[in-house]
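Structure record follows, encoded as structure tokens.
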Protein chains: 2
Amino acid sequence: MEDVASKAGVSRALVSLVMRNSPKVSEHSRAAVLAAADELGYRPNLMARNLASRRTMTIGLVLNDLHNPFFAEIADGIHEAAIAAGYRTVINTGRRSAAGDQAAADTFLEFRTDGIILVGPWLDRSEMEHLARETNLVVVARTVESDVFDTVNTDERVGGHLIVDHLTGLGHRHIAYIDGGEGSGAVERRSGYLEGMGAHGLESEVTIVGGTYDDTAGIDGVEELLAGDRMPTAIFAGNDVMALGALDRLEDEGLVVPDDVSLVGFDNTSLAAMHHIGLTSVDQPRLVLGALAVQSLVERIEQRRTDATHHVVAPTLVTRTTSGPAPEVTTS
Amino acid sequence: MEDVASKAGVSRALVSLVMRNSPKVSEHSRAAVLAAADELGYRPNLMARNLASRRTMTIGLVLNDLHNPFFAEIADGIHEAAIAAGYRTVINTGRRSAAGDQAAADTFLEFRTDGIILVGPWLDRSEMEHLARETNLVVVARTVESDVFDTVNTDERVGGHLIVDHLTGLGHRHIAYIDGGEGSGAVERRSGYLEGMGAHGLESEVTIVGGTYDDTAGIDGVEELLAGDRMPTAIFAGNDVMALGALDRLEDEGLVVPDDVSLVGFDNTSLAAMHHIGLTSVDQPRLVLGALAVQSLVERIEQRRTDATHHVVAPTLVTRTTSGPAPEVTTS
DNA sequence: CTATTGAAGTAGAGCGCTCTAACACTTATG
DNA sequence: CATAAGTGTTAGAGCGCTCTACTTCAATAG
């Protein structure tokens with residue numbers, strides 16, 4: 001910077017102003033500085049810049065599971081909104097564990113990103129509140145109520161209702177749920193399922209198996225159902241990835257989807273949309289979620305708000321080929 | 001830090017030593033410092049630390065496409081190896097464009113990560129060489145020869161041979177290739193295909209369509225083949241994601257895989273392994289690639305080597321259900 | 001013609017750490 | 001018993017920026 005300043009014949013402070021493109025610089029000296037910088041291959045040091053200004057113009061994004069396309073899709077929405085707001089993003093992954101989420105967030109804390117967005121974290125509320133005290137925090141796709149950080153979610157319960165309504169509409173009564181364990185939103189999806197079943201007077205048909213939030217959970221879940229005394233005619237999997245695991249296992253067993261058993265997922269990822277799979281699923285509007293998350297975070301970063309907001313957006317059902325009419329009742 | 005020092009009754013320098021867990025600190029004062037730090041909730045500022053030491057103990061990972069599971073899988077391998085070597089990773093995505101890769105790398109340059117690993121970048125050689133002059137650089141899954149940065153690759157050509165050999169072994173002669181365009185390794189895969197075809201005396205049967213590196217490329221590729229005058233009996237797609245797009249389009253057309261047409265992918269991602277899909281594919285040993293990349297990078301970071309190394313590991317073919325015997329020749 | 005304003009630029013302190021060199025102090029060495 | 005060698009600790013100078021307060025100079029106002 002020193003070199004650039006002397007080469008351009010100005011002070012270091014002026015170079016700094018040019019680099020931050022402040023309006024209080026004459027066109028003439030701005031050009032001189034830019035030329036000198038370019039010639040010397042000068043690139044401002046973010047570390048030093050942040051050390052002095054306490055800003056990085058960077059948002060840390062913690063994606064719990066890189067293997068689930070849902071996260072890649074929501075990252076797109078967040079990235080886009082962040083760029084529009086003048087921020088850049090940096091990603092880290094929690095690799096499907098609370099400890100991983102914590103480590104990822106800690107890295108961002110040390111990097112002093114201006115804020116952190118957690119997507120589908122496995123952390124519990126107190127851990128997130130602790131984090132929120134150290135930085136600006138927004139939590140996406142994880143239903144927790146807290147008044148120290150913001151949240152952005154789809155209405156998971158409604159998603160559960162949509163699925164149960166859809167399946168009962170097709171004549172299904174014995175609908176099983178493969179649970180997402182401690183995965184984000186899992187509890188609410190289960191509640192949605194239970195409420196939905198209740199609303200249709202199917203409490204006695206409730207069957208819950210599972211699970212964690214990956215494809216093996218889908219496989220294991222079906223395994224568990226097969227081992228039971230009565231196979232359901234429809235399966236509601238906690239998310240798409242689990243649904244695909246379930247699909248694999250069902251087919252291995254010689255069961256035809258949807259003739260023998262209907263299958264529904266959650267998230268409407270790109271996987272579900274593949275014709276070859278054609279998974280009926282609940283869609284979360286990912287671009288909207290991403291935009292809301294960035295908006296909330298930026299409000300906090302720019303001190304325009306300190307109290308917590310909680311956005312909830314409505315999901316929709318996307319019907320495809322894995323759900324169909326319930327098979328004829330034989331003996332049961 | 002000042003506060004911690006006075007609370008523990010030592011100097012700032014000693015606190016610094018403890019934080020870097022240097023061995024030249026007595027057990028007694030180490031404990032005192034740790035206790036004081038804990039009590040005050042002190043967390044070292046990476047920015048300041050890096051500014052002073054020019055080290056971040058962080059590796060920047062640029063994944064070209066978060067939507068392709070191949071990248072998530074290779075990121076696992078890299079993360080694991082990095083942790084073992086005492087480094088942490090931070091991810092950024094190039095969102096399937098050279099400009100995106102460049103922006104992601106620039107961010108890491110400003111953050112002064114100790115090095116950068118590019119996975120499947122779309123940048124051209126000169127851009128990467130430029131980058132290599134500013135930081136330690138290792139390029140994975142992109143076949144480029146350069147003597148200023150390291151590379152780690154599977155032998156893409158051999159992968160192409162494996163596929164052609166496999167298909168000709170099943171009696172196929174008219175084998176089409178859906179090209180990966182400017183995607184990483186695409187050129188070599190195509191060469192492998194061409195060489196393989198040549199080795200079997202099938203130059204006249206060579207058909208290349210496509211493409212970019214995503215699922216629409218697979219769809220478009222099949223479209224193009226269908227529009228041609230003679231449909232091939234086997235299709236070799238540039239990667240798994242493209243293969244799945246192709247699979248969709250083939251099924252929409254009423255063609256049965258593998259009875260009417262065999263389909264083979266590349267990368268052996270988790271998608272290929274799903275029973276429901278059962279895609280025959282070429283496996284890249286991702287954990288090995290990741291470990292080699294980190295090893296190379298760390299050697300550079302620690303100044304143990306300055307000349308470029310190029311690792312090439314052998315791929316293997318994983319046969320599944322999308323490839324089968326060529327259909328009976330009728331009239332052709 | 002002096003006072004006021006504003007625009008363009010600068011000096012210099014500091015952000016929170018690491019690192020070099022020096023300093024006590026203890027313990028072995030001939 | 002002087003000297004060397006090692007151990008634990010510290011002062012203080014940076015690392016490369018930003019930010020506050022200040023200066024300079026020209027244009028405008030009264």
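Just remember, in the structure tokens the first chain shown is A, the second B, etc., residues are 1-based per chain, and ligands are 1-based in the order shown.
For DA24 (chain C), the set of protein, DNA and RNA residues having any atom at most 12 Å away, when counting only C-alpha atoms (C1' of nucleotides) and skipping those fewer than 5 positions along the same chain, is D:DT7, D:DG8, D:DT9, D:DT10.
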Output of the above residues as a PDB file, in the first residue's frame, restricted to C-alpha atoms (C1' of nucleotides):
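Output saved as out-v4.pdb:
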```pdb
ATOM      1  C1'  DT D   7      14.482 -23.106  30.282  1.00  0.00           C
ATOM      2  C1'  DG D   8      10.828 -19.927  30.940  1.00  0.00           C
ATOM      3  C1'  DT D   9       9.491 -15.343  30.354  1.00  0.00           C
ATOM      4  C1'  DT D  10       8.996 -10.592  28.570  1.00  0.00           C
TER       5       DT D  10
END
```
Inset, instruction - For region 144-149 of chain B, list every protein, DNA or RNA residue within 8 Å, evaluated using only C-alpha atoms (C1' of nucleotides), and leave out those in the same chain fewer than 4 positions away; present the list as a list in words. - result: Arg125, Glu129, Ala132, Arg133, Asn136, Leu137, Val138, Val139, Asp307, Ala308 and Thr309 of chain B
Inset, instruction - Give me every helix (DSSP H, G or I) residue in region 154-233 of chain B, going by DSSP on the backbone, as JSON, numbers by chain. - result: {"B": [156, 157, 158, 159, 160, 161, 162, 163, 164, 165, 166, 167, 168, 169, 186, 187, 188, 189, 190, 191, 192, 193, 194, 195, 196, 197, 198, 199, 203, 204, 205, 215, 216, 217, 218, 219, 220, 221, 222, 223, 224, 225, 226, 227]}
Legend entry - Using only C-alpha atoms: which of B:Ala35, B:Val25, B:Leu250, B:Val261 has the shortest distance to Ile235 (chain B): B:Val261
Inset, instruction - Find the spatial neighbours of Ala141 (chain A), counting only C-alpha atoms (C1' of nucleotides), within a cut-off of 6 Å - ignore same-chain residues fewer than 6 positions away - and output them as a list of chain:residue names. - result: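 So, after excluding close chain neighbours, the residues are A:Val119, A:Gly120, A:Asn153.
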Inset, instruction - Residues of chain A near chain C: apply a cut-off of 10 Å, count only C-alpha atoms (C1' of nucleotides), and supply the list as a PyMOL selection string. - result: chain A and resi 10-14+24-26+29+48-54
Please produce a file of those selected residues containing C-alpha atoms, as a short mmCIF file (atom, residue, chain, number, x, y, z; two decimals), in the first residue's frame.
```cif
data_model
loop_
_atom_site.label_atom_id
_atom_site.label_comp_id
_atom_site.auth_asym_id
_atom_site.auth_seq_id
_atom_site.Cartn_x
_atom_site.Cartn_y
_atom_site.Cartn_z
CA VAL A 10 -0.36 10.43 -2.73
CA SER A 11 -0.69 9.36 0.90
CA ARG A 12 -1.52 5.89 2.19
CA ALA A 13 -4.82 7.20 3.46
CA LEU A 14 -5.84 8.23 0.01
CA LYS A 24 -14.40 11.98 -1.55
CA VAL A 25 -11.62 11.39 -4.01
CA SER A 26 -11.00 13.39 -7.17
CA SER A 29 -6.03 10.91 -8.13
CA ALA A 48 -5.63 -6.12 7.92
CA ARG A 49 -8.73 -4.45 6.58
CA ASN A 50 -10.95 -6.35 8.96
CA LEU A 51 -8.62 -5.89 11.84
CA ALA A 52 -8.93 -2.16 11.43
CA SER A 53 -12.56 -1.90 10.41
CA ARG A 54 -14.10 -4.90 12.08
#
```
Inset, instruction - Calculate how many Å separate CA of Ser296 (chain B) from CA of Ile117 (chain B), rounding to one decimal. - result: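 CA of Ile117 (chain B) lies at a distance of 9.9 Å from CA of Ser296 (chain B).
Every protein or nucleic acid residue with an atom no more than 10 Å from Val256 (chain B), counting only C-alpha atoms (C1' of nucleotides) and leaving out same-chain residues fewer than 6 positions away, appears here: Leu247, Leu250, Ser262 and Thr322 of chain B.
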Write out, as a compact mmCIF listing (two decimals), in the first residue's frame, the residues just selected, with C-alpha atoms.
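So the final result, stored in again01.txt, reads:
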```txt
# COMPACT_ATOMS: atom_id res chain seq x y z
CA LEU B 247 -31.74 -41.98 -18.53
CA LEU B 250 -34.52 -42.39 -22.82
CA SER B 262 -26.96 -49.51 -22.49
CA THR B 322 -27.68 -50.05 -16.87
```
Legend entry - Atomic separation - CA of His161 (chain A) relative to CA of Gly196 (chain A), Å: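 Separating CA of Gly196 (chain A) from CA of His161 (chain A) is a distance of 4.8 Å.
Residues in contact with Asn45 (chain A) at 8 Å, where only C-alpha atoms (C1' of nucleotides) are counted and same-chain residues fewer than 3 positions away are skipped, are listed as A:Ala48, A:Arg49, B:Glu110, B:Phe111, B:Arg112, D:DG16, D:DC17.
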Selected residues, C-alpha atoms (C1' of nucleotides), written as a short mmCIF file (atom, residue, chain, number, x, y, z; two decimals), in the first residue's frame, please.
```cif
data_model
loop_
_atom_site.label_atom_id
_atom_site.label_comp_id
_atom_site.auth_asym_id
_atom_site.auth_seq_id
_atom_site.Cartn_x
_atom_site.Cartn_y
_atom_site.Cartn_z
CA ALA A 48 -5.63 -6.12 7.92
CA ARG A 49 -8.73 -4.45 6.58
CA GLU B 110 -8.16 -11.95 0.33
CA PHE B 111 -8.73 -14.16 3.34
CA ARG B 112 -5.14 -15.23 2.94
"C1'" DG D 16 -1.30 -3.85 6.52
"C1'" DC D 17 -4.91 -1.71 6.89
#
```
Inset, instruction - Report the distance between CA of Tyr193 (chain B) and CA of Thr269 (chain B) in Å, rounded to one decimal place. - result: 20.1 Å
Legend entry - Interface, chain A side, toward chain B (6 Å; only C-alpha atoms) as a PyMOL selection string: chain A and resi 45-47+66-67+72+90-92+110-111+248+275-276
Legend entry - Best match for closeness to chain D among A:Asp165, A:Glu80, A:Asp214, A:Glu2, counting only C-alpha atoms (C1' of nucleotides):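 With only C-alpha atoms (C1' of nucleotides) as the atom set, the closest residue is A:Glu2.
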Inset, instruction - May I have the residues within 10 Å of Leu162 (chain A) as a PyMOL selection string, using only C-alpha atoms (C1' of nucleotides) and disregarding those fewer than 3 positions away in the same chain? - result: chain A and resi 156-159+165-167+192-193+196+281-282+315-318
Legend entry - Residue list (strand (DSSP E or B), DSSP) for region 50-233 of chain B, as a PyMOL selection string: chain B and resi 58-63+88-93+115-119+136-140+150-154+175-179+207-210
Inset, instruction - With a distance cut-off of 7 Å and only C-alpha atoms (C1' of nucleotides), select the neighbouring residues of Gly238 (chain B), excluding the residue or stretch itself and same-chain residues fewer than 2 positions from it, and output the selection as a PyMOL selection string. - result: chain B and resi 178-180+186+236+242+265-266
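Considering only C-alpha atoms, the residue among B:Arg173, B:His130, B:Gly198, B:Pro232 positioned nearest to Gly41 (chain A) is B:His130.
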